[in-house]
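As provided, final-v6.cif (mmCIF, N, CA and C atoms) reads as follows.
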data_query
#
loop_
_atom_site.label_atom_id
_atom_site.label_comp_id
_atom_site.auth_asym_id
_atom_site.auth_seq_id
_atom_site.Cartn_x
_atom_site.Cartn_y
_atom_site.Cartn_z
N MET A 1 -94.52 312.39 207.47
CA MET A 1 -94.91 311.15 206.85
C MET A 1 -93.80 310.65 205.94
N VAL A 2 -93.53 309.39 206.00
CA VAL A 2 -92.50 308.76 205.19
C VAL A 2 -93.08 308.39 203.84
N LYS A 3 -92.32 308.62 202.78
CA LYS A 3 -92.77 308.24 201.44
C LYS A 3 -91.73 307.29 200.86
N VAL A 4 -92.20 306.11 200.50
CA VAL A 4 -91.33 305.11 199.88
C VAL A 4 -91.75 304.99 198.43
N GLU A 5 -90.79 305.17 197.53
CA GLU A 5 -91.08 305.05 196.11
C GLU A 5 -89.86 304.43 195.43
N LEU A 6 -90.10 303.38 194.67
CA LEU A 6 -89.04 302.72 193.93
C LEU A 6 -88.82 303.44 192.61
N ASP A 7 -87.55 303.62 192.24
CA ASP A 7 -87.32 304.10 190.88
C ASP A 7 -87.38 302.90 189.94
N ILE A 8 -87.31 303.13 188.66
CA ILE A 8 -87.51 302.05 187.69
C ILE A 8 -86.45 300.95 187.83
N GLU A 9 -85.24 301.33 188.13
CA GLU A 9 -84.17 300.33 188.30
C GLU A 9 -84.40 299.46 189.53
N GLU A 10 -84.87 300.07 190.61
CA GLU A 10 -85.16 299.32 191.83
C GLU A 10 -86.34 298.37 191.60
N ALA A 11 -87.36 298.85 190.90
CA ALA A 11 -88.51 298.00 190.59
C ALA A 11 -88.08 296.82 189.72
N TRP A 12 -87.20 297.08 188.75
CA TRP A 12 -86.72 296.01 187.90
C TRP A 12 -85.89 295.00 188.70
N ALA A 13 -85.10 295.48 189.64
CA ALA A 13 -84.30 294.58 190.48
C ALA A 13 -85.19 293.68 191.32
N VAL A 14 -86.26 294.23 191.90
CA VAL A 14 -87.21 293.41 192.67
C VAL A 14 -87.86 292.38 191.75
N PHE A 15 -88.36 292.83 190.61
CA PHE A 15 -88.98 291.93 189.63
C PHE A 15 -88.00 290.83 189.21
N SER A 16 -86.78 291.21 188.90
CA SER A 16 -85.78 290.26 188.44
C SER A 16 -85.47 289.21 189.51
N ASN A 17 -85.35 289.65 190.75
CA ASN A 17 -85.09 288.70 191.84
C ASN A 17 -86.24 287.72 192.03
N VAL A 18 -87.47 288.20 191.91
CA VAL A 18 -88.63 287.31 192.05
C VAL A 18 -88.64 286.29 190.91
N VAL A 19 -88.43 286.75 189.69
CA VAL A 19 -88.44 285.84 188.54
C VAL A 19 -87.29 284.83 188.66
N ASN A 20 -86.11 285.29 189.01
CA ASN A 20 -84.97 284.37 189.15
C ASN A 20 -85.21 283.34 190.25
N HIS A 21 -85.78 283.77 191.36
CA HIS A 21 -86.09 282.84 192.44
C HIS A 21 -87.12 281.81 191.97
N MET A 22 -88.12 282.27 191.26
CA MET A 22 -89.13 281.36 190.73
C MET A 22 -88.49 280.34 189.78
N LEU A 23 -87.62 280.80 188.92
CA LEU A 23 -86.97 279.89 187.97
C LEU A 23 -86.10 278.85 188.69
N ASP A 24 -85.50 279.26 189.80
CA ASP A 24 -84.67 278.34 190.57
C ASP A 24 -85.49 277.33 191.37
N GLU A 25 -86.64 277.76 191.87
CA GLU A 25 -87.40 276.94 192.81
C GLU A 25 -88.52 276.11 192.18
N VAL A 26 -89.07 276.57 191.08
CA VAL A 26 -90.21 275.88 190.47
C VAL A 26 -89.72 274.90 189.43
N ASP A 27 -90.31 273.71 189.44
CA ASP A 27 -89.94 272.68 188.48
C ASP A 27 -90.63 272.95 187.14
N LEU A 28 -89.91 273.57 186.23
CA LEU A 28 -90.43 273.88 184.91
C LEU A 28 -89.56 273.22 183.84
N ASP A 29 -90.16 272.97 182.71
CA ASP A 29 -89.44 272.44 181.57
C ASP A 29 -88.40 273.48 181.11
N LYS A 30 -87.29 273.01 180.56
CA LYS A 30 -86.24 273.94 180.12
C LYS A 30 -86.75 274.94 179.10
N SER A 31 -87.63 274.52 178.22
CA SER A 31 -88.15 275.45 177.21
C SER A 31 -89.03 276.53 177.86
N ASP A 32 -89.75 276.17 178.91
CA ASP A 32 -90.56 277.16 179.62
C ASP A 32 -89.67 278.17 180.34
N LYS A 33 -88.61 277.67 180.98
CA LYS A 33 -87.68 278.57 181.65
C LYS A 33 -87.02 279.52 180.65
N ALA A 34 -86.66 278.98 179.48
CA ALA A 34 -86.05 279.81 178.44
C ALA A 34 -87.03 280.88 177.95
N ALA A 35 -88.29 280.51 177.81
CA ALA A 35 -89.31 281.48 177.37
C ALA A 35 -89.48 282.59 178.39
N ILE A 36 -89.47 282.24 179.67
CA ILE A 36 -89.59 283.25 180.73
C ILE A 36 -88.37 284.17 180.72
N ARG A 37 -87.20 283.60 180.56
CA ARG A 37 -85.98 284.43 180.50
C ARG A 37 -86.01 285.38 179.31
N ARG A 38 -86.47 284.88 178.14
CA ARG A 38 -86.57 285.75 176.96
C ARG A 38 -87.57 286.87 177.20
N TRP A 39 -88.72 286.53 177.81
CA TRP A 39 -89.74 287.53 178.12
C TRP A 39 -89.16 288.60 179.06
N LYS A 40 -88.44 288.13 180.08
CA LYS A 40 -87.86 289.06 181.06
C LYS A 40 -86.84 289.98 180.40
N SER A 41 -86.02 289.45 179.54
CA SER A 41 -84.95 290.26 178.95
C SER A 41 -85.42 291.12 177.78
N SER A 42 -86.54 290.76 177.16
CA SER A 42 -86.98 291.57 176.02
C SER A 42 -88.12 292.51 176.39
N GLU A 43 -89.20 291.98 176.94
CA GLU A 43 -90.38 292.81 177.20
C GLU A 43 -90.35 293.51 178.56
N MET A 44 -89.67 292.96 179.52
CA MET A 44 -89.73 293.50 180.88
C MET A 44 -88.45 294.21 181.29
N ARG A 45 -87.81 294.86 180.38
CA ARG A 45 -86.61 295.62 180.75
C ARG A 45 -86.99 297.08 180.97
N PRO A 46 -86.19 297.80 181.75
CA PRO A 46 -86.50 299.21 182.02
C PRO A 46 -86.67 300.00 180.72
N GLY A 47 -87.67 300.85 180.71
CA GLY A 47 -87.94 301.66 179.54
C GLY A 47 -89.05 301.11 178.66
N ARG A 48 -89.37 299.84 178.83
CA ARG A 48 -90.46 299.24 178.06
C ARG A 48 -91.80 299.56 178.74
N GLU A 49 -92.85 299.61 177.95
CA GLU A 49 -94.17 299.95 178.47
C GLU A 49 -94.62 298.99 179.56
N GLU A 50 -94.35 297.70 179.37
CA GLU A 50 -94.75 296.69 180.35
C GLU A 50 -94.06 296.91 181.69
N MET A 51 -92.76 297.22 181.65
CA MET A 51 -92.01 297.45 182.88
C MET A 51 -92.45 298.75 183.53
N ASP A 52 -92.75 299.76 182.73
CA ASP A 52 -93.25 301.02 183.28
C ASP A 52 -94.56 300.80 184.02
N ALA A 53 -95.44 299.95 183.45
CA ALA A 53 -96.72 299.66 184.10
C ALA A 53 -96.50 298.92 185.41
N LEU A 54 -95.58 297.95 185.42
CA LEU A 54 -95.28 297.22 186.65
C LEU A 54 -94.68 298.16 187.70
N HIS A 55 -93.79 299.03 187.29
CA HIS A 55 -93.16 300.01 188.17
C HIS A 55 -94.23 300.88 188.83
N GLU A 56 -95.16 301.39 188.03
CA GLU A 56 -96.24 302.22 188.57
C GLU A 56 -97.12 301.42 189.53
N LYS A 57 -97.45 300.18 189.17
CA LYS A 57 -98.29 299.33 190.02
C LYS A 57 -97.59 299.04 191.35
N MET A 58 -96.30 298.75 191.31
CA MET A 58 -95.56 298.47 192.55
C MET A 58 -95.60 299.68 193.47
N ASN A 59 -95.36 300.86 192.93
CA ASN A 59 -95.36 302.07 193.77
C ASN A 59 -96.76 302.38 194.30
N ASP A 60 -97.78 302.16 193.48
CA ASP A 60 -99.15 302.36 193.95
C ASP A 60 -99.48 301.40 195.10
N ASP A 61 -99.06 300.14 194.95
CA ASP A 61 -99.31 299.15 196.01
C ASP A 61 -98.56 299.47 197.29
N ILE A 62 -97.32 299.92 197.16
CA ILE A 62 -96.54 300.30 198.34
C ILE A 62 -97.23 301.46 199.06
N GLU A 63 -97.66 302.44 198.31
CA GLU A 63 -98.34 303.60 198.91
C GLU A 63 -99.65 303.17 199.58
N ARG A 64 -100.43 302.33 198.90
CA ARG A 64 -101.70 301.87 199.47
C ARG A 64 -101.47 301.10 200.76
N LEU A 65 -100.49 300.18 200.75
CA LEU A 65 -100.21 299.40 201.96
C LEU A 65 -99.69 300.29 203.09
N TRP A 66 -98.88 301.28 202.75
CA TRP A 66 -98.38 302.21 203.76
C TRP A 66 -99.53 302.97 204.40
N ASN A 67 -100.48 303.43 203.57
CA ASN A 67 -101.63 304.18 204.09
C ASN A 67 -102.51 303.29 204.98
N VAL A 68 -102.71 302.05 204.59
CA VAL A 68 -103.49 301.12 205.42
C VAL A 68 -102.80 300.91 206.75
N ARG A 69 -101.52 300.69 206.71
CA ARG A 69 -100.76 300.49 207.95
C ARG A 69 -100.83 301.72 208.84
N ARG A 70 -100.67 302.89 208.25
CA ARG A 70 -100.72 304.13 209.02
C ARG A 70 -102.09 304.32 209.67
N LYS A 71 -103.15 304.04 208.92
CA LYS A 71 -104.50 304.17 209.48
C LYS A 71 -104.72 303.18 210.60
N SER A 72 -104.22 301.96 210.46
CA SER A 72 -104.43 300.97 211.52
C SER A 72 -103.66 301.35 212.77
N GLU A 73 -102.51 301.99 212.63
CA GLU A 73 -101.75 302.46 213.79
C GLU A 73 -102.52 303.57 214.51
N ILE A 74 -103.19 304.41 213.76
CA ILE A 74 -103.96 305.50 214.36
C ILE A 74 -105.13 304.95 215.14
N ARG A 75 -105.74 303.89 214.66
CA ARG A 75 -106.94 303.33 215.29
C ARG A 75 -106.63 302.47 216.50
N LYS A 76 -105.39 302.04 216.69
CA LYS A 76 -105.07 301.18 217.82
C LYS A 76 -105.27 301.93 219.13
N PRO A 77 -105.94 301.31 220.08
CA PRO A 77 -106.09 301.98 221.38
C PRO A 77 -104.74 302.08 222.11
N ASP A 78 -104.62 303.09 222.92
CA ASP A 78 -103.38 303.31 223.64
C ASP A 78 -103.10 302.26 224.71
N TRP A 79 -104.13 301.58 225.17
CA TRP A 79 -103.94 300.65 226.29
C TRP A 79 -103.36 299.32 225.87
N ARG A 80 -103.15 299.06 224.60
CA ARG A 80 -102.60 297.76 224.18
C ARG A 80 -101.12 297.70 224.32
#

Can the structure from this file be put into structure tokens for me?
Amino acid sequence: MVKVELDIEEAWAVFSNVVNHMLDEVDLDKSDKAAIRRWKSSEMRPGREEMDALHEKMNDDIERLWNVRRKSEIRKPDWR
């Protein structure tokens, strides 16, 4: 069985890319974008409790989705 688990730096990189993409694509006021950037750089950096919680949630979700996928593969009939 394959196990996929992100370390804290990888989880932060995924989070950072999502936030940066959102800031680039969503039409927000400059002050709102600045507030999001401050939040990202202060509260959501590796080692902070909030980032640790997100890291744990991401890994739990990856594991849950992997298990669902694996179970659905087992249930597929051979004739398909």

> Which residue, A:Leu28, A:Leu65, A:Ile36, A:Ala53, has the smallest gap to Ile8 in chain A when you use only C-alpha atoms?
Replying inline: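 So, comparing all the options, the nearest one is A:Ala53.
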
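Computed from the coordinates, the atom C of Phe15 in chain A to atom N of Gly47 in chain A distance equals 13.1 Å.
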
>> Residues of chain A classed as alpha helix (DSSP H) by DSSP on the backbone are to be reported as an NGL selection string.
In response: :A and (8-25 or 30-42 or 49-75)

> Suppose you want the space between atom N of Trp66 in chain A and CA of Glu10 in chain A; what is it in Å?
Replying inline: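 Computed distance, atom N of Trp66 in chain A to CA of Glu10 in chain A, equals 17.6 Å.
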
>> To one decimal place in Å, what is the distance between CA of Val14 in chain A and CA of Ser42 in chain A?
In response: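 Interatomic distance, CA of Val14 in chain A to CA of Ser42 in chain A: 16.8 Å.
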
>> Quick one: residues within 12 Å of Ser41 in chain A, only C-alpha atoms, excluding same-chain residues fewer than 4 positions away - as a ChimeraX atom specification?
In response: /A:12,15-16,19-20,34-37,45-48,50-51

Could you dump the residues just selected with N, CA and C atoms as a compact mmCIF listing (two decimals), keeping the file's coordinate frame?
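Generated file (result_30.txt):
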# COMPACT_ATOMS: atom_id res chain seq x y z
N TRP A 12 -87.20 297.08 188.75
CA TRP A 12 -86.72 296.01 187.90
C TRP A 12 -85.89 295.00 188.70
N PHE A 15 -88.36 292.83 190.61
CA PHE A 15 -88.98 291.93 189.63
C PHE A 15 -88.00 290.83 189.21
N SER A 16 -86.78 291.21 188.90
CA SER A 16 -85.78 290.26 188.44
C SER A 16 -85.47 289.21 189.51
N VAL A 19 -88.43 286.75 189.69
CA VAL A 19 -88.44 285.84 188.54
C VAL A 19 -87.29 284.83 188.66
N ASN A 20 -86.11 285.29 189.01
CA ASN A 20 -84.97 284.37 189.15
C ASN A 20 -85.21 283.34 190.25
N ALA A 34 -86.66 278.98 179.48
CA ALA A 34 -86.05 279.81 178.44
C ALA A 34 -87.03 280.88 177.95
N ALA A 35 -88.29 280.51 177.81
CA ALA A 35 -89.31 281.48 177.37
C ALA A 35 -89.48 282.59 178.39
N ILE A 36 -89.47 282.24 179.67
CA ILE A 36 -89.59 283.25 180.73
C ILE A 36 -88.37 284.17 180.72
N ARG A 37 -87.20 283.60 180.56
CA ARG A 37 -85.98 284.43 180.50
C ARG A 37 -86.01 285.38 179.31
N ARG A 45 -87.81 294.86 180.38
CA ARG A 45 -86.61 295.62 180.75
C ARG A 45 -86.99 297.08 180.97
N PRO A 46 -86.19 297.80 181.75
CA PRO A 46 -86.50 299.21 182.02
C PRO A 46 -86.67 300.00 180.72
N GLY A 47 -87.67 300.85 180.71
CA GLY A 47 -87.94 301.66 179.54
C GLY A 47 -89.05 301.11 178.66
N ARG A 48 -89.37 299.84 178.83
CA ARG A 48 -90.46 299.24 178.06
C ARG A 48 -91.80 299.56 178.74
N GLU A 50 -94.35 297.70 179.37
CA GLU A 50 -94.75 296.69 180.35
C GLU A 50 -94.06 296.91 181.69
N MET A 51 -92.76 297.22 181.65
CA MET A 51 -92.01 297.45 182.88
C MET A 51 -92.45 298.75 183.53

> Given the choices A:Leu23, A:Val68, A:Val4, A:Ala13, which gets closest to Met44 in chain A if the distance is worked out from only C-alpha atoms?
Replying inline: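 Result for the nearest residue to Met44 in chain A: A:Ala13.
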
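Counting only C-alpha atoms, the residue from A:Asp32, A:Glu43, A:Asp7, A:Asp24 that sits nearest to Lys57 in chain A is A:Asp7.
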
Please determine an axis-aligned box that encloses all atoms of range 41-44 of chain A listed in the file, with 4 Å added on each side, and express its centre and edge lengths in Å to one decimal as lines of an AutoDock Vina configuration file.
center_x = -87.7
center_y = 291.8
center_z = 178.7
size_x = 13.4
size_y = 12.8
size_z = 13.3

>> Counting only C-alpha atoms, which residue out of A:Lys33, A:Arg70, A:Arg38, A:His55 sits closest to Leu6 in chain A?
In response: A:His55
